[in-house]
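Remarks on the structure that follows.
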Amino acid sequence: MTERPDADGAELPPRTHLALAGQALRLGWAASPAACLAGLGVMALSGLTPAASAWASKLLVDGLTGARTAHAGGLVMIAGLTLALGGIGTVLGYLASLATAAQQRAIALRVESELYGAVNRLPGLARFEDPDFQDRLRLAEQSAAAAPSSVSGFLLAIVRVMVVTTGFLGVVATVWWPMAVLLLIVGAASVWAQFALAREQAGVTEATMAMHRRRFSYQSLLTNLAAVKEIRLYGLGGLFHDRMVAGLRETSGRELRMEQRAALTQSGYALVGTALAAAGAMAVVYRAATGSLSAGDVVLFVAAVVGVQGAFGGTVSQLASAAREVRLFRHYRAVVGAEPDLADGSRVPPPLSDAIEFHDVWFRYHPSGDWVLRGVDLRIPVGQALGVVGANGAGKSTVIKLLCRFYDPERGRITWDGTDLREFRVADLRRRMGATFQDYMTYELTAGENVGVGDVDRLTELPAVVRAATLAEADEFVRALPRGYDTLVSRLFFEGAIREQGVTLSGGQGQRLALARSLMRTGADLLILDEPSSGLDALAEHRIHHTVREHRQGRTSLLVSHRLSGLRDADLIVVLDGGRVAERGTHDELMAAGGGYATMFTTQAAGYQDERVPVPSPLFPGAVPVRRARRDGRPLDLAPPASMMVVEAEAVGLPRTSGDG
């Protein structure tokens, strides 16, 4: 049979199967040597009891039927021994199950630690955005504990079946030797068939993994708190439900066809084995009826046939499971042994003393994809703030990802005081940065921990946590939570012995915690703020901009925002367009240039201009009137910057300019 190519297009030769089985076995041994030895000893002992019990039964029957001369006391002892052996076998079975369970738990603990430790060591983002890697990770999760357990269980079963079969085949051979040969032939054929089925079953599992993952995504959407609002509002439940069921139907159909083939194959071999056993039993009974064998021999033969078939059947079943899991186990080995998606450097970055620079940086997310950045040159001098603006898809977030070294440029380089970022150790480089990302996280931890994880070494330092929360305008609402900073920020879990349910924060509150998290790193050389106030109301945004502006005085900062009022005091602003730097300069310089930045800024400003705004406003102390720009007595929705009057209201960050009208 030609073996199905794996996900990488390569076939697995038998030696690879054996190598994977050896690796799985070594992993099982390393997880718990004591459990392995205990299971091995118990299995060996349990393999002796069936043959011994069958032989005792033969002696008992022969003694009762007169085939052998026996005293009543001796027969009583034999009867007691027969029952005792049965009881011992039962106890040994329980002990074997206990040893197996102990080993399985030890294996599960070890492989889960290894698997997610390997995932955690991947320094970049490329693997997490790769569908093939996601499928391989799911297969690794599935096979990680199963393969070592299956292989270990199969090995223990082999020990037991060798002991059982050796004893029983010896008994069968003494009664009628051709039957022993036939049983071995049936067993070998069954083993071969199970290997073929195992390959096919593993292939089906691999082929359907992507479909399973898509189905699980629909399941998650139907129960996800963040998604359920839109699903209810737009009536999407039926759509996702139907797609989930369609995915389940497709995967179930393929798996069911596989199970049907397996059932037919196994049934065929079972029927052949039964026919051989029946023929042998009839021959033995005939010989007993003609006086060649005793009744005890018949009992012994039947017990031996049943015992050998049972031992082979159980082992063959375990073989099928082990072979399937071993084939899938390579995905676990591939994830655990995966090369880092970014090469780590060896140097520790010093405190920034000059500048961070992009030198002709080109980047795309896939070799066949479009360029996201096309020859970008940037310079962020130490102690200064660089603002980055541009339309959606212009490359702003990509600049941040490259700066944090989640990816490396395909061409060009990024330097830290003249040294390529790739020369630094990734973890040490990132310790010199604090960031609030546009797609920020609210972790299912306490409110204090949501802030403290910004500097894990100070996670439990409440004064530092409170200071960062205060800077981010989060302290007041956090203190108002049921347990203050110890309140669980999740309604999916209970907190403490009293099973107190946590809370759900608003989007603005979650964003303030994320901002506070980035401010925990007081010693960071670079502060990255990517849309840090997109979810805040106008008053909160004004206060936070003012506080953060003071906090980053003298600090090196990268600011990204679609709200251009938050960037106008940056030392330098660059405009990205199509992956290139289209404009650069201060706010005043870019406004005077009348290019894309000026157009975006005045468009936003026009939305705030209203001649009805009173002055002074009690909400915005110190504000001056904001009037709609006019030309020739007519209101203007948008006019070139030179002829447009925009009077600044500091609370909303509008520019103060002069003009007619």
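Please note that chains go A, B, ... in the order of the structure tokens, that every chain numbers its residues from 1, and that ligands are numbered from 1 in the order shown.
Scanning segment 380-508 of chain A with DSSP on the backbone, the strand (DSSP E or B) assignments fall on A:Ile380, A:Pro381, A:Ala385, A:Leu386, A:Gly387, A:Val388, A:Val389, A:Gly390, A:Arg411, A:Gly412, A:Arg413, A:Ile414, A:Thr415, A:Trp416, A:Thr419, A:Asp420, A:Phe424, A:Met433, A:Gly434, A:Ala435, A:Thr436, A:Thr446, A:Leu488, A:Phe494, A:Glu495, A:Glu500, A:Gln501.
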Polymer residues at most 9 Å from His241 of chain A, only C-alpha atoms, same-chain spacing of 6 or more positions, as a list in words:
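The residues satisfying every condition are Tyr218, Gln219 and Leu222 of chain A.
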List every residue of segment 247-324 of chain A that has an atom at most 10 Å from any atom of segment 66-86 of chain A, and for each one report the closest atom pair and its distance in Å to one decimal, counting only C-alpha atoms, with rows sorted by chain and then by increasing residue number, as JSON lines.
{"residue": "A:Leu293", "atom": "CA", "partner": "A:Ala67", "partner_atom": "CA", "distance": 9.5}
{"residue": "A:Ser294", "atom": "CA", "partner": "A:Ala67", "partner_atom": "CA", "distance": 6.5}
{"residue": "A:Ala295", "atom": "CA", "partner": "A:Ala67", "partner_atom": "CA", "distance": 7.9}
{"residue": "A:Gly296", "atom": "CA", "partner": "A:Ala67", "partner_atom": "CA", "distance": 8.2}
Neighbouring residues of segment 581-588 of chain A were defined as those with any atom within 7 Å, considering only C-alpha atoms; residues of the same chain fewer than 3 positions away were excluded. Please report them as an MDAnalysis selection string.
chainID A and resid 376 568 571:577 591:592
Determine which residues of segment 290-365 of chain A receive a DSSP assignment of alpha helix (DSSP H), computed from the backbone, and state them as a VMD selection string.
chain A and resid 295 to 336
Save out the residues we just selected, C-alpha atoms, as a PDB file, in the first residue's frame.
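The resulting result_20.pdb:
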ATOM      1  CA  ALA A 295     -12.227 -33.679  29.112  1.00  0.00           C
ATOM      2  CA  GLY A 296      -9.660 -31.553  30.917  1.00  0.00           C
ATOM      3  CA  ASP A 297      -7.691 -31.287  27.690  1.00  0.00           C
ATOM      4  CA  VAL A 298     -10.792 -29.936  25.953  1.00  0.00           C
ATOM      5  CA  VAL A 299     -11.306 -27.352  28.686  1.00  0.00           C
ATOM      6  CA  LEU A 300      -7.643 -26.410  28.522  1.00  0.00           C
ATOM      7  CA  PHE A 301      -7.691 -26.126  24.735  1.00  0.00           C
ATOM      8  CA  VAL A 302     -10.802 -23.942  24.655  1.00  0.00           C
ATOM      9  CA  ALA A 303      -9.372 -21.690  27.369  1.00  0.00           C
ATOM     10  CA  ALA A 304      -6.087 -21.464  25.473  1.00  0.00           C
ATOM     11  CA  VAL A 305      -7.782 -20.542  22.190  1.00  0.00           C
ATOM     12  CA  VAL A 306      -9.930 -17.914  23.880  1.00  0.00           C
ATOM     13  CA  GLY A 307      -6.929 -16.571  25.797  1.00  0.00           C
ATOM     14  CA  VAL A 308      -4.651 -16.332  22.741  1.00  0.00           C
ATOM     15  CA  GLN A 309      -7.360 -14.725  20.614  1.00  0.00           C
ATOM     16  CA  GLY A 310      -8.174 -12.292  23.384  1.00  0.00           C
ATOM     17  CA  ALA A 311      -4.522 -11.402  23.905  1.00  0.00           C
ATOM     18  CA  PHE A 312      -3.938 -10.941  20.172  1.00  0.00           C
ATOM     19  CA  GLY A 313      -7.183  -9.034  19.735  1.00  0.00           C
ATOM     20  CA  GLY A 314      -6.456  -6.592  22.539  1.00  0.00           C
ATOM     21  CA  THR A 315      -2.888  -6.091  21.424  1.00  0.00           C
ATOM     22  CA  VAL A 316      -3.861  -5.591  17.796  1.00  0.00           C
ATOM     23  CA  SER A 317      -6.405  -2.978  18.864  1.00  0.00           C
ATOM     24  CA  GLN A 318      -3.745  -1.200  20.883  1.00  0.00           C
ATOM     25  CA  LEU A 319      -1.368  -1.517  17.960  1.00  0.00           C
ATOM     26  CA  ALA A 320      -3.829   0.297  15.712  1.00  0.00           C
ATOM     27  CA  SER A 321      -4.177   3.113  18.226  1.00  0.00           C
ATOM     28  CA  ALA A 322      -0.436   3.328  18.837  1.00  0.00           C
ATOM     29  CA  ALA A 323       0.404   3.323  15.114  1.00  0.00           C
ATOM     30  CA  ARG A 324      -2.104   6.098  14.438  1.00  0.00           C
ATOM     31  CA  GLU A 325      -0.856   8.210  17.327  1.00  0.00           C
ATOM     32  CA  VAL A 326       2.791   7.631  16.406  1.00  0.00           C
ATOM     33  CA  ARG A 327       2.099   8.931  12.906  1.00  0.00           C
ATOM     34  CA  LEU A 328       0.521  12.047  14.397  1.00  0.00           C
ATOM     35  CA  PHE A 329       3.262  12.323  17.017  1.00  0.00           C
ATOM     36  CA  ARG A 330       5.597  13.814  14.426  1.00  0.00           C
ATOM     37  CA  HIS A 331       3.552  17.010  14.616  1.00  0.00           C
ATOM     38  CA  TYR A 332       4.379  17.273  18.315  1.00  0.00           C
ATOM     39  CA  ARG A 333       8.054  16.664  17.566  1.00  0.00           C
ATOM     40  CA  ALA A 334       7.893  19.266  14.776  1.00  0.00           C
ATOM     41  CA  VAL A 335       6.456  21.940  17.085  1.00  0.00           C
ATOM     42  CA  VAL A 336       8.758  21.157  20.015  1.00  0.00           C
TER      43      VAL A 336
END
So that I can check the surroundings of segment 337-343 of chain A, please list as a PDB file with C-alpha atoms, in the first residue's frame every protein, DNA and RNA residue that reaches within 10 Å of it, counting only C-alpha atoms and ignoring chain neighbours fewer than 5 positions away.
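Resulting contents of result.pdb:
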ATOM      1  CA  LEU A 115       4.639  21.859  23.928  1.00  0.00           C
ATOM      2  CA  ALA A 118       8.183  25.543  22.802  1.00  0.00           C
ATOM      3  CA  VAL A 119       5.321  27.747  21.568  1.00  0.00           C
ATOM      4  CA  ARG A 121       9.852  30.372  22.935  1.00  0.00           C
ATOM      5  CA  LEU A 122       8.871  31.426  19.423  1.00  0.00           C
ATOM      6  CA  PRO A 123       9.997  35.059  19.452  1.00  0.00           C
ATOM      7  CA  GLY A 124       8.069  36.350  16.446  1.00  0.00           C
ATOM      8  CA  LEU A 125       4.520  36.384  15.097  1.00  0.00           C
ATOM      9  CA  ALA A 126       4.990  34.665  11.736  1.00  0.00           C
ATOM     10  CA  ARG A 127       4.132  31.148  12.952  1.00  0.00           C
ATOM     11  CA  HIS A 331       3.552  17.010  14.616  1.00  0.00           C
ATOM     12  CA  TYR A 332       4.379  17.273  18.315  1.00  0.00           C
ATOM     13  CA  ARG A 405      11.066  42.774  16.409  1.00  0.00           C
ATOM     14  CA  PHE A 406       8.028  40.600  15.927  1.00  0.00           C
ATOM     15  CA  TYR A 407       9.309  40.364  12.349  1.00  0.00           C
ATOM     16  CA  ASP A 408      12.566  41.243  10.612  1.00  0.00           C
ATOM     17  CA  ARG A 422      19.030  41.575  14.955  1.00  0.00           C
ATOM     18  CA  GLU A 423      22.287  41.608  16.916  1.00  0.00           C
ATOM     19  CA  PHE A 424      20.457  42.048  20.233  1.00  0.00           C
ATOM     20  CA  ARG A 425      18.806  39.389  22.343  1.00  0.00           C
ATOM     21  CA  VAL A 426      15.099  39.702  21.611  1.00  0.00           C
TER      22      VAL A 426
END
Which polymer residues have any atom within 6 Å of an atom of Leu25 of chain A, counting only C-alpha atoms, with same-chain residues fewer than 3 positions away left out, as a PyMOL selection string?
chain A and resi 22+28+148+152
Go ahead and save the picked residues with N, CA, C and O atoms, as a PDB file, in the first residue's frame.
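Writing done, so here's selection24.pdb:
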ATOM      1  N   GLY A  22      10.085   5.191  19.079  1.00  0.00           N
ATOM      2  CA  GLY A  22      11.139   5.238  20.092  1.00  0.00           C
ATOM      3  C   GLY A  22      11.148   6.549  20.854  1.00  0.00           C
ATOM      4  O   GLY A  22      11.326   6.578  22.077  1.00  0.00           O
ATOM      5  N   GLY A  28       7.658   8.825  27.360  1.00  0.00           N
ATOM      6  CA  GLY A  28       6.863   8.190  28.412  1.00  0.00           C
ATOM      7  C   GLY A  28       7.717   7.733  29.581  1.00  0.00           C
ATOM      8  O   GLY A  28       7.332   7.886  30.745  1.00  0.00           O
ATOM      9  N   PRO A 148       2.758   8.940  23.484  1.00  0.00           N
ATOM     10  CA  PRO A 148       3.564   8.240  24.493  1.00  0.00           C
ATOM     11  C   PRO A 148       2.739   7.249  25.307  1.00  0.00           C
ATOM     12  O   PRO A 148       3.210   6.147  25.615  1.00  0.00           O
ATOM     13  N   SER A 152       3.490   3.331  25.148  1.00  0.00           N
ATOM     14  CA  SER A 152       3.813   2.668  26.420  1.00  0.00           C
ATOM     15  C   SER A 152       2.802   1.580  26.728  1.00  0.00           C
ATOM     16  O   SER A 152       3.159   0.466  27.150  1.00  0.00           O
TER      17      SER A 152
END
If you count only C-alpha atoms, which residues fall within 10 Å of Tyr485 of chain A, apart from same-chain ones fewer than 4 positions away, as number ranges by chain?
A: 446-451, 462, 465-466, 475, 477-481, 489
Residues as selected, C-alpha atoms, written as a compact mmCIF listing (two decimals), in the first residue's frame, can you do that?
# COMPACT_ATOMS: atom_id res chain seq x y z
CA THR A 446 -7.45 41.00 38.48
CA ALA A 447 -7.48 44.70 37.63
CA GLY A 448 -4.17 45.14 39.43
CA GLU A 449 -2.57 42.25 37.58
CA ASN A 450 -3.83 43.64 34.25
CA VAL A 451 -1.67 46.68 34.98
CA LEU A 462 0.84 47.94 44.51
CA VAL A 465 0.59 49.64 39.88
CA VAL A 466 -1.44 52.49 41.37
CA ASP A 475 -7.22 54.54 39.40
CA PHE A 477 -12.75 53.49 38.42
CA VAL A 478 -10.55 50.60 39.62
CA ARG A 479 -10.98 51.66 43.26
CA ALA A 480 -14.75 51.75 42.68
CA LEU A 481 -14.79 48.06 41.64
CA VAL A 489 -11.77 41.42 35.30
Å distance separating atom CA of Glu112 of chain A from atom CA of Glu141 of chain A, one decimal place
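Separating atom CA of Glu112 of chain A from atom CA of Glu141 of chain A is a distance of 7.9 Å.
For the residues A:Gly93, A:Glu444, A:Gly523, A:Leu137, ranking by smallest atom-to-atom distance to Gln501 of chain A using only C-alpha atoms places A:Glu444 first.
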